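This report refers to the structure that appears directly beneath it.
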Amino acid sequence: MSLSNHYDVNEALDKALKDDFLRMATRRATDRLRNGRINITNELGNWEEWREAGEKIRNHVVENLDYYLNQLIENVEKNGGHVHLAKTPEDAVKITQEIFKKHGYKLVVKSKSMITEEIHLNPVLEEDGIEVVESDLAEYIIQIAKEPPSHIIVPAMHKNRDQIAELFEPIAGHPLESDTPTLTKFAREQMREKFLSTKIGITGCNFAVADTGTVTMVTNEGNGRMVSTLPDVQITMMGMERIVPSFKELSVMLNLLARSATGQRLSVYTTMTTPPKRDGDIDGPKEWHLVILDHNRTEILGDEDFRSSLRCIRCGACFNVCPVYRQVGGHAYGSVYSGPIGIVITPLLEQDYKRWGHLPYFSSLCASCSEACPVRIPLHDLIVKHRDRMVVKGYTSGLEKKIFKYYGHYFSNPKTLRSFIKLGSKFQFLLMKNGRITKGPAPLSNWTNSKTLPPIASPIFNDIWPNLQKELQENKGGEKE
Ligand code: SF4
């Protein structure tokens, strides 16, 4: 799931924090998305009731996942589709390769799908000599840049128009103006030719409707519609939890998704298809494969502490309010899924704290993510649970364990705590400049390298409290008289 085989958390954070453009672009985009969500949800007047409904629907599905999965599979097969259950990302990739091998196709057009990012499909297909074209404009941009998405809804939010023009120019073979109409026209022309010549398309799936075997995709560019109607063969990839029982629940979830993701009442294109193509249909794939990915979701389902994370509908609202994500963007996390939900699900999907144990510390635990989540996942609680589990499982360093042991010992005793504060207030002048603490020993220096701290008060509150208490009592006595 990494950006590359080399990932160093401090290096990644340092790089992101020094990139003024990235920070400005990320803040601007997340502000726009967050404000859009707030405005559009306020207009409903009863957003909390909608959230409650969303939570109930998703909980019901997660708790009865075996039933709804069976129902979905049965209906897809009844309609003539082929269902493939992939236990691991490698299985999902292999299934896809087999389909390509069977037909001998050498070109595929995709519409945005986080699942294909999760299983790292593109590089494998490319190694097999298949040309892979991402048809979502932002995905197309980052595909050319050879970067993973930096946000699940706005994958190229960290790129400006000049950078995009620079990326497009080698393909165009001539200089391009960096205005939006020129760039979109260029991308559209490239895409159109591919849409018309490809025989196979790969799409994601926002929700699969269990009682009909229908798959739903929401896009704002219509590319999902082209990919799911023009090619002869279609592969749809979905995580095993992305199911709704029927169209009734789907309407609630689509409302929650569009409003939370982009601040729209509904996405521009909401495409519901029940492939494959039947007699009399004017378009649609003749052959349809639905690949349902587990990738440790079964383990999450069996884990009471983290089961609620399966409610996620990948709207990205938690990203847009997270004070950490808003400063560093998605690439600094090193994982395919970033932001608060990425912190929660990455160590679970990968079942690996050794590699992904840095993620639960990418959070201030302010709980804005939980408040923004349309299906009320208690993200900040889950992040604390990860930290807790890592301590219990012994993933913390020996030094950290010692520090917290002594910290607990001294700071739980009021007498020693007071002596430490007094000591600090006496010697803090060594670290101060202009009335603020400006340099500190490690690990405090990580903070003081970029920020200052207020000094410890002198005298400390505990020293003045007895006199204050006395004064208060005297004043009370005076009032009575
Ligand atoms: S955790 Fe909630 S807010 Fe975040 S992406 Fe998932 S549904 Fe959206």
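Note on naming: chains are A, B, ... as they come in the structure tokens, residues start from 1 per chain, ligands start from 1 in the order shown.
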
Between chain A and ligand 1, at 6 Å or less, what are the per-residue closest atom pairs and their distances in Å? Count only C-alpha atoms and all ligand atoms, order by chain and rising residue number, and return it as CSV.
residue,atom,partner,partner_atom_place_in_ligand_line,distance
A:Cys312,CA,ligand 1,6 (Fe),3.8
A:Ile313,CA,ligand 1,7 (S),4.3
A:Arg314,CA,ligand 1,5 (S),3.8
A:Cys315,CA,ligand 1,8 (Fe),3.9
A:Gly316,CA,ligand 1,5 (S),3.9
A:Ala317,CA,ligand 1,3 (S),4.2
A:Cys318,CA,ligand 1,3 (S),4.1
A:Ile341,CA,ligand 1,1 (S),4.8
A:Ala372,CA,ligand 1,3 (S),5.8
A:Cys373,CA,ligand 1,3 (S),3.5
A:Pro374,CA,ligand 1,2 (Fe),5.7
A:Val375,CA,ligand 1,7 (S),5.7
A:Ile377,CA,ligand 1,2 (Fe),5.9

Save out the residues we just selected, N, CA and C atoms, as a PDB file, in the first residue's frame.
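Output (part19.pdb):
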ATOM      1  N   CYS A 312     -17.962   2.663   6.591  1.00  0.00           N
ATOM      2  CA  CYS A 312     -17.462   3.776   5.761  1.00  0.00           C
ATOM      3  C   CYS A 312     -17.989   3.729   4.329  1.00  0.00           C
ATOM      4  N   ILE A 313     -18.368   4.908   3.826  1.00  0.00           N
ATOM      5  CA  ILE A 313     -18.850   4.992   2.439  1.00  0.00           C
ATOM      6  C   ILE A 313     -17.866   5.788   1.565  1.00  0.00           C
ATOM      7  N   ARG A 314     -16.648   5.982   2.094  1.00  0.00           N
ATOM      8  CA  ARG A 314     -15.554   6.640   1.357  1.00  0.00           C
ATOM      9  C   ARG A 314     -15.979   8.000   0.791  1.00  0.00           C
ATOM     10  N   CYS A 315     -16.556   8.830   1.653  1.00  0.00           N
ATOM     11  CA  CYS A 315     -16.992  10.152   1.186  1.00  0.00           C
ATOM     12  C   CYS A 315     -15.881  11.189   1.324  1.00  0.00           C
ATOM     13  N   GLY A 316     -14.919  10.930   2.181  1.00  0.00           N
ATOM     14  CA  GLY A 316     -13.791  11.858   2.351  1.00  0.00           C
ATOM     15  C   GLY A 316     -14.071  13.022   3.286  1.00  0.00           C
ATOM     16  N   ALA A 317     -15.265  13.099   3.887  1.00  0.00           N
ATOM     17  CA  ALA A 317     -15.573  14.251   4.748  1.00  0.00           C
ATOM     18  C   ALA A 317     -14.611  14.347   5.935  1.00  0.00           C
ATOM     19  N   CYS A 318     -14.170  13.192   6.431  1.00  0.00           N
ATOM     20  CA  CYS A 318     -13.257  13.211   7.591  1.00  0.00           C
ATOM     21  C   CYS A 318     -11.899  13.806   7.216  1.00  0.00           C
ATOM     22  N   ILE A 341      -9.858   7.995   8.125  1.00  0.00           N
ATOM     23  CA  ILE A 341     -10.302   6.618   7.860  1.00  0.00           C
ATOM     24  C   ILE A 341      -9.123   5.758   7.400  1.00  0.00           C
ATOM     25  N   ALA A 372     -17.874  14.850  11.527  1.00  0.00           N
ATOM     26  CA  ALA A 372     -18.190  15.056  10.102  1.00  0.00           C
ATOM     27  C   ALA A 372     -18.719  13.788   9.440  1.00  0.00           C
ATOM     28  N   CYS A 373     -18.446  12.637  10.021  1.00  0.00           N
ATOM     29  CA  CYS A 373     -18.748  11.374   9.341  1.00  0.00           C
ATOM     30  C   CYS A 373     -20.264  11.154   9.193  1.00  0.00           C
ATOM     31  N   PRO A 374     -20.739  10.966   7.949  1.00  0.00           N
ATOM     32  CA  PRO A 374     -22.185  10.833   7.736  1.00  0.00           C
ATOM     33  C   PRO A 374     -22.770   9.527   8.277  1.00  0.00           C
ATOM     34  N   VAL A 375     -21.895   8.552   8.582  1.00  0.00           N
ATOM     35  CA  VAL A 375     -22.425   7.303   9.134  1.00  0.00           C
ATOM     36  C   VAL A 375     -21.943   7.098  10.574  1.00  0.00           C
ATOM     37  N   ILE A 377     -19.089   7.072  12.293  1.00  0.00           N
ATOM     38  CA  ILE A 377     -18.012   6.177  12.764  1.00  0.00           C
ATOM     39  C   ILE A 377     -17.216   6.951  13.812  1.00  0.00           C
TER      40      ILE A 377
END

*asked:* Report as a list in words all protein, DNA and RNA residues lying within 7 Å of Leu290 (chain A), evaluated on only C-alpha atoms, omitting residues in the same chain fewer than 3 positions from it.
replied: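 Result of the neighbour search: His82, Val83, His84, Ile235, Thr236 and Met237 of chain A.
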
Once you count only C-alpha atoms, what closest atom pair and distance in Å to one decimal does each residue of region 254-283 of chain A within 12 Å of region 51-55 of chain A have, with rows by chain and rising residue number, as CSV?
residue,atom,partner,partner_atom,distance
A:Leu254,CA,A:Gly54,CA,9.9
A:Asn255,CA,A:Gly54,CA,9.6
A:Leu256,CA,A:Gly54,CA,7.3
A:Leu257,CA,A:Gly54,CA,9.7
A:Arg259,CA,A:Arg51,CA,11.4
A:Ser260,CA,A:Arg51,CA,10.4

File of the preceding selection, N, CA and C atoms, as a short mmCIF file (atom, residue, chain, number, x, y, z; two decimals), in the first residue's frame:
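Contents of part.cif, as written:
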data_model
loop_
_atom_site.label_atom_id
_atom_site.label_comp_id
_atom_site.auth_asym_id
_atom_site.auth_seq_id
_atom_site.Cartn_x
_atom_site.Cartn_y
_atom_site.Cartn_z
N LEU A 254 -27.08 7.60 -1.06
CA LEU A 254 -26.61 8.51 -2.11
C LEU A 254 -26.69 9.96 -1.67
N ASN A 255 -27.75 10.27 -0.92
CA ASN A 255 -27.90 11.61 -0.35
C ASN A 255 -26.76 11.93 0.60
N LEU A 256 -26.47 10.98 1.47
CA LEU A 256 -25.40 11.18 2.46
C LEU A 256 -24.04 11.30 1.76
N LEU A 257 -23.84 10.47 0.75
CA LEU A 257 -22.55 10.44 0.07
C LEU A 257 -22.27 11.75 -0.67
N ARG A 259 -23.67 14.74 -0.47
CA ARG A 259 -23.62 15.92 0.40
C ARG A 259 -22.32 15.95 1.20
N SER A 260 -21.91 14.80 1.70
CA SER A 260 -20.71 14.76 2.54
C SER A 260 -19.43 14.86 1.72
#

*Point out the residue among A:Met253, A:Val268, A:Val324, A:Ala258 with the least atom-to-atom distance to Trp50 (chain A), counting only C-alpha atoms.*
A:Met253

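For the pair CA of Ser458 (chain A) and CA of Ser364 (chain A), the interatomic distance is 28.6 Å.
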
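Counting only C-alpha atoms, Phe427 (chain A) has the following residues at most 12 Å away, ignoring those fewer than 5 positions along the same chain: Phe420, Ile421, Lys422, Met432, Ile437, Gly440, Pro455, Ile456 and Ser458 of chain A.
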
As a CSV table (one decimal) with N, CA and C atoms, in the first residue's frame, please: the residues near Val124 (chain A) (cut-off 12 Å, only C-alpha atoms, same-chain neighbours under 3 positions excluded).
chain,number,residue,atom,x,y,z
A,89,PRO,N,-5.7,-9.3,-2.1
A,89,PRO,CA,-5.4,-8.4,-3.2
A,89,PRO,C,-4.8,-9.2,-4.4
A,90,GLU,N,-3.9,-10.1,-4.0
A,90,GLU,CA,-3.2,-10.9,-5.1
A,90,GLU,C,-4.3,-11.8,-5.8
A,92,ALA,N,-7.4,-11.0,-6.3
A,92,ALA,CA,-8.2,-10.1,-7.2
A,92,ALA,C,-7.4,-9.7,-8.4
A,93,VAL,N,-6.1,-9.5,-8.3
A,93,VAL,CA,-5.3,-9.2,-9.4
A,93,VAL,C,-5.2,-10.4,-10.4
A,94,LYS,N,-5.1,-11.6,-9.8
A,94,LYS,CA,-5.0,-12.8,-10.6
A,94,LYS,C,-6.3,-13.0,-11.4
A,96,THR,N,-8.3,-10.8,-12.4
A,96,THR,CA,-8.4,-9.8,-13.5
A,96,THR,C,-7.4,-10.2,-14.6
A,97,GLN,N,-6.2,-10.6,-14.3
A,97,GLN,CA,-5.3,-11.1,-15.3
A,97,GLN,C,-5.9,-12.2,-16.2
A,100,PHE,N,-8.3,-10.9,-18.7
A,100,PHE,CA,-7.5,-10.3,-19.9
A,100,PHE,C,-6.9,-11.3,-20.8
A,116,THR,N,-9.1,-0.7,-6.9
A,116,THR,CA,-7.9,-1.1,-7.7
A,116,THR,C,-6.6,-0.5,-7.2
A,117,GLU,N,-6.7,0.7,-6.5
A,117,GLU,CA,-5.5,1.2,-5.9
A,117,GLU,C,-5.1,0.3,-4.8
A,119,ILE,N,-5.4,-2.8,-4.4
A,119,ILE,CA,-4.8,-4.1,-4.8
A,119,ILE,C,-3.6,-3.8,-5.8
A,120,HIS,N,-3.3,-2.6,-6.1
A,120,HIS,CA,-2.2,-2.2,-6.9
A,120,HIS,C,-2.3,-2.9,-8.3
A,121,LEU,N,-3.5,-2.7,-8.9
A,121,LEU,CA,-3.8,-3.4,-10.2
A,121,LEU,C,-3.0,-2.8,-11.4
A,127,GLU,N,2.7,-4.3,-16.6
A,127,GLU,CA,3.8,-5.3,-16.8
A,127,GLU,C,3.4,-6.4,-17.7
A,128,ASP,N,2.0,-6.7,-17.8
A,128,ASP,CA,1.5,-7.7,-18.7
A,128,ASP,C,1.4,-7.2,-20.1
A,129,GLY,N,1.8,-5.9,-20.3
A,129,GLY,CA,1.8,-5.3,-21.7
A,129,GLY,C,0.4,-4.7,-22.0
A,130,ILE,N,-0.4,-4.4,-21.0
A,130,ILE,CA,-1.7,-3.8,-21.2
A,130,ILE,C,-1.6,-2.3,-21.0
A,131,GLU,N,-2.2,-1.5,-21.9
A,131,GLU,CA,-2.2,-0.1,-21.7
A,131,GLU,C,-3.4,0.2,-20.8
A,132,VAL,N,-3.1,0.9,-19.7
A,132,VAL,CA,-4.2,1.2,-18.7
A,132,VAL,C,-4.5,2.7,-18.8

*Nearest to Arg188 (chain A) by atom-to-atom distance, counting only C-alpha atoms, from A:Asn475, A:Asn223, A:Ser370, A:Thr214*: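 Of all the options, A:Asn223 lies closest to Arg188 (chain A).
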
*Could you state the separation of CA of Ala145 (chain A) and CA of Lys159 (chain A) in Å, given to one decimal place?*
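Those two atoms sit 9.9 Å apart.
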
*Using DSSP on the backbone, list every residue of region 27-99 of chain A that comes out as strand (DSSP E), and give them as a ChimeraX atom specification.*
/A:82-86

*Pick from A:Gly81, A:Asn35, A:Arg58, A:Ser197, whichever lies nearest to Arg278 (chain A) using only C-alpha atoms*: A:Gly81

*Could you write out, as a PyMOL selection string, all the residues of region 308-436 of chain A that DSSP marks as alpha helix (DSSP H)?*
chain A and resi 317-321+325-328+339-350+353-356+368-372+379-392+398-411+414-427

*asked:* Taking 6 positions as the minimum chain separation for residues in the same chain, which residues sit within 8 Å of region 387-394 of chain A when counting only C-alpha atoms? Answer as JSON, numbers by chain.
replied: {"A": [353, 357, 360, 361]}

Output N, CA and C atoms of each residue in that selection to a file, as an mmCIF file, in the first residue's frame.
data_model
loop_
_atom_site.group_PDB
_atom_site.id
_atom_site.type_symbol
_atom_site.label_atom_id
_atom_site.label_comp_id
_atom_site.auth_asym_id
_atom_site.auth_seq_id
_atom_site.Cartn_x
_atom_site.Cartn_y
_atom_site.Cartn_z
ATOM 1 N N TYR A 353 0.947 -3.793 12.211
ATOM 2 C CA TYR A 353 1.266 -2.578 12.967
ATOM 3 C C TYR A 353 2.729 -2.189 12.792
ATOM 4 N N GLY A 357 2.211 1.285 11.968
ATOM 5 C CA GLY A 357 2.004 1.772 13.337
ATOM 6 C C GLY A 357 2.199 3.272 13.487
ATOM 7 N N PRO A 360 -1.674 5.790 13.478
ATOM 8 C CA PRO A 360 -2.537 6.277 14.551
ATOM 9 C C PRO A 360 -1.998 7.524 15.273
ATOM 10 N N TYR A 361 -0.742 7.892 14.962
ATOM 11 C CA TYR A 361 -0.199 9.121 15.575
ATOM 12 C C TYR A 361 -0.361 10.322 14.646
#

*Looking at only C-alpha atoms, which of A:Gly173, A:His331, A:Leu230, A:Tyr325 is the one that sits closest to Ile282 (chain A)?*
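Ranking A:Gly173, A:His331, A:Leu230, A:Tyr325 by distance to Ile282 (chain A), first place goes to A:Leu230.
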
*Pick the closest to Arg37 (chain A) from A:Tyr410, A:Leu266, A:Glu471, A:Glu304: which is it, counting only C-alpha atoms?*
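Nearest candidate to Arg37 (chain A) out of A:Tyr410, A:Leu266, A:Glu471, A:Glu304: A:Leu266.
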
*How many Å lie between CA of Thr273 (chain A) and CA of Arg225 (chain A), rounded to one decimal?*
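Computing it gives 9.2 Å between the two atoms.
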